[in-house]
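Okay, so here's the structure we're looking at.
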Amino acid sequence: MAIDAKWDNPEHTVFLITVEGKWSLDDYYIQFQRATDMLNRINHKVMLILDLSRSSAPPSRFVSTGRFAQEHQSPNIMLTIITGAPAFAQALATVMIKLFPSLGEVVTFADTLDEARQLAYKRLHAVA
């Protein structure tokens, strides 16, 4: 599967979405719903890591998913950390944040998956 969504720790405080190779908007919507269902089963805040380090370029019309993400994002997500995003993907995320400002309140970037995990745990411990 091009997009995989799963818990990254047994405490269910860090959720990892890994995107590999070529993927479609259908892949995105299916995994977004799966992830949202999993996130909504818990009753505490979560750090979400989106690992794009092995992803190909986003599909055309990906910016159109911004409104959907804004309207359907789980309220349990405290912060989304995007890792491994090439400059193009970071620029695309910046455009989406400008178009859908509430997304920018909860999105940041990390260079590596390890750095994203460190940031997630640091933020979790800061609010604990």
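Chain labels A, B, ... are given in the sequence in which chains occur in the structure tokens; within each chain residues are numbered consecutively from 1, and ligands are likewise numbered from 1 in the order shown.
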
Residue contacts of segment 14-22 of chain A (9 Å, only C-alpha atoms) excluding same-chain residues fewer than 2 positions away, as a PyMOL selection string: chain A and resi 1-12+24+31+35+39+46-59+117+120-121

Residues of chain A in helix (DSSP H, G or I), written as a PyMOL selection string: chain A and resi 25-39+62-72+87-99+101-104+113-127

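Near Phe32 of chain A, within 9 Å and counting only C-alpha atoms, sit A:Ala5, A:Asp27, A:Tyr28, A:Tyr29, A:Ile30, A:Arg34, A:Ala35, A:Thr36, A:Asp37, A:Ala69, A:His72, A:Gln73; same-chain residues fewer than 2 positions away were not included.
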
Could the residues in this selection be saved with all heavy atoms as a CSV table (one decimal), in the first residue's frame?
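Printed below is again08.csv as written:
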```csv
chain,number,residue,atom,x,y,z
A,5,ALA,N,-1.1,3.9,7.7
A,5,ALA,CA,-1.4,4.6,8.9
A,5,ALA,C,-1.5,3.7,10.1
A,5,ALA,O,-2.2,2.7,10.0
A,5,ALA,CB,-2.8,5.4,8.7
A,27,ASP,N,-6.1,6.9,-2.7
A,27,ASP,CA,-5.2,6.4,-1.6
A,27,ASP,C,-5.3,7.3,-0.4
A,27,ASP,O,-5.5,6.9,0.7
A,27,ASP,CB,-3.8,6.2,-2.0
A,27,ASP,CG,-3.6,5.1,-3.1
A,27,ASP,OD1,-4.3,4.2,-3.1
A,27,ASP,OD2,-2.6,5.3,-3.9
A,28,TYR,N,-5.1,8.6,-0.7
A,28,TYR,CA,-5.2,9.6,0.3
A,28,TYR,C,-6.5,9.6,1.1
A,28,TYR,O,-6.5,9.5,2.3
A,28,TYR,CB,-4.9,11.0,-0.3
A,28,TYR,CG,-5.2,12.1,0.7
A,28,TYR,CD1,-4.2,12.5,1.7
A,28,TYR,CD2,-6.4,12.8,0.7
A,28,TYR,CE1,-4.5,13.5,2.6
A,28,TYR,CE2,-6.7,13.8,1.6
A,28,TYR,CZ,-5.7,14.2,2.5
A,28,TYR,OH,-6.0,15.2,3.5
A,29,TYR,N,-7.6,9.7,0.4
A,29,TYR,CA,-8.9,9.7,1.1
A,29,TYR,C,-9.2,8.5,1.9
A,29,TYR,O,-9.7,8.5,3.0
A,29,TYR,CB,-10.0,10.0,0.1
A,29,TYR,CG,-10.0,11.4,-0.5
A,29,TYR,CD1,-9.8,11.7,-1.8
A,29,TYR,CD2,-10.3,12.5,0.4
A,29,TYR,CE1,-9.9,13.0,-2.3
A,29,TYR,CE2,-10.3,13.8,0.0
A,29,TYR,CZ,-10.1,14.0,-1.4
A,29,TYR,OH,-10.1,15.3,-1.8
A,30,ILE,N,-8.8,7.3,1.3
A,30,ILE,CA,-9.1,6.0,2.1
A,30,ILE,C,-8.3,6.0,3.4
A,30,ILE,O,-8.8,5.7,4.4
A,30,ILE,CB,-8.7,4.8,1.2
A,30,ILE,CG1,-9.7,4.7,0.1
A,30,ILE,CG2,-8.6,3.6,2.0
A,30,ILE,CD1,-9.3,3.7,-1.0
A,34,ARG,N,-9.4,6.2,7.4
A,34,ARG,CA,-8.9,5.1,8.3
A,34,ARG,C,-8.2,5.7,9.5
A,34,ARG,O,-8.5,5.3,10.6
A,34,ARG,CB,-8.0,4.1,7.5
A,34,ARG,CG,-7.5,3.0,8.4
A,34,ARG,CD,-6.7,2.0,7.5
A,34,ARG,NE,-6.0,1.0,8.3
A,34,ARG,CZ,-4.7,1.1,8.7
A,34,ARG,NH1,-4.0,2.0,8.3
A,34,ARG,NH2,-4.3,0.1,9.5
A,35,ALA,N,-7.3,6.6,9.2
A,35,ALA,CA,-6.6,7.3,10.3
A,35,ALA,C,-7.5,8.1,11.2
A,35,ALA,O,-7.4,8.0,12.4
A,35,ALA,CB,-5.5,8.2,9.7
A,36,THR,N,-8.4,8.8,10.6
A,36,THR,CA,-9.4,9.6,11.5
A,36,THR,C,-10.2,8.6,12.3
A,36,THR,O,-10.4,8.9,13.5
A,36,THR,CB,-10.3,10.4,10.5
A,36,THR,OG1,-9.5,11.3,9.8
A,36,THR,CG2,-11.3,11.2,11.4
A,37,ASP,N,-10.7,7.5,11.8
A,37,ASP,CA,-11.4,6.6,12.6
A,37,ASP,C,-10.6,6.1,13.8
A,37,ASP,O,-11.1,6.0,14.9
A,37,ASP,CB,-11.8,5.4,11.7
A,37,ASP,CG,-12.9,5.7,10.7
A,37,ASP,OD1,-13.5,6.8,10.8
A,37,ASP,OD2,-13.1,4.9,9.8
A,69,ALA,N,-9.3,18.1,4.5
A,69,ALA,CA,-8.5,17.8,5.7
A,69,ALA,C,-8.9,18.8,6.8
A,69,ALA,O,-9.1,18.3,7.9
A,69,ALA,CB,-7.0,18.0,5.3
A,72,HIS,N,-12.4,17.6,8.2
A,72,HIS,CA,-12.5,16.3,8.7
A,72,HIS,C,-11.4,15.8,9.7
A,72,HIS,O,-11.4,14.7,10.1
A,72,HIS,CB,-12.6,15.3,7.6
A,72,HIS,CG,-13.9,15.5,6.8
A,72,HIS,ND1,-13.9,16.2,5.6
A,72,HIS,CD2,-15.1,15.0,6.9
A,72,HIS,CE1,-15.1,16.2,5.1
A,72,HIS,NE2,-15.9,15.5,5.9
A,73,GLN,N,-10.5,16.7,9.9
A,73,GLN,CA,-9.3,16.3,10.8
A,73,GLN,C,-9.8,16.0,12.2
A,73,GLN,O,-10.7,16.7,12.8
A,73,GLN,CB,-8.3,17.5,10.9
A,73,GLN,CG,-7.1,17.2,11.7
A,73,GLN,CD,-6.0,18.2,11.5
A,73,GLN,OE1,-5.8,18.6,10.4
A,73,GLN,NE2,-5.4,18.6,12.6
```

Atom pair atom CA of Thr108 of chain A / atom CA of Arg123 of chain A: separation (Å):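 Spanning atom CA of Thr108 of chain A to atom CA of Arg123 of chain A is a straight-line distance of 11.9 Å.
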
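Across the structure, atom CA of His44 of chain A and atom CA of Ile82 of chain A are spaced 20.7 Å apart.
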
For atom CA of Glu115 of chain A and atom CA of Leu99 of chain A, the interatomic separation in Å (one decimal):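 We find that atom CA of Glu115 of chain A and atom CA of Leu99 of chain A lie 27.3 Å from each other.
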
Strand (DSSP E or B) call set, DSSP backbone run, chain A, as a PyMOL selection string: chain A and resi 3-7+14-21+46-55+77-83+107-110
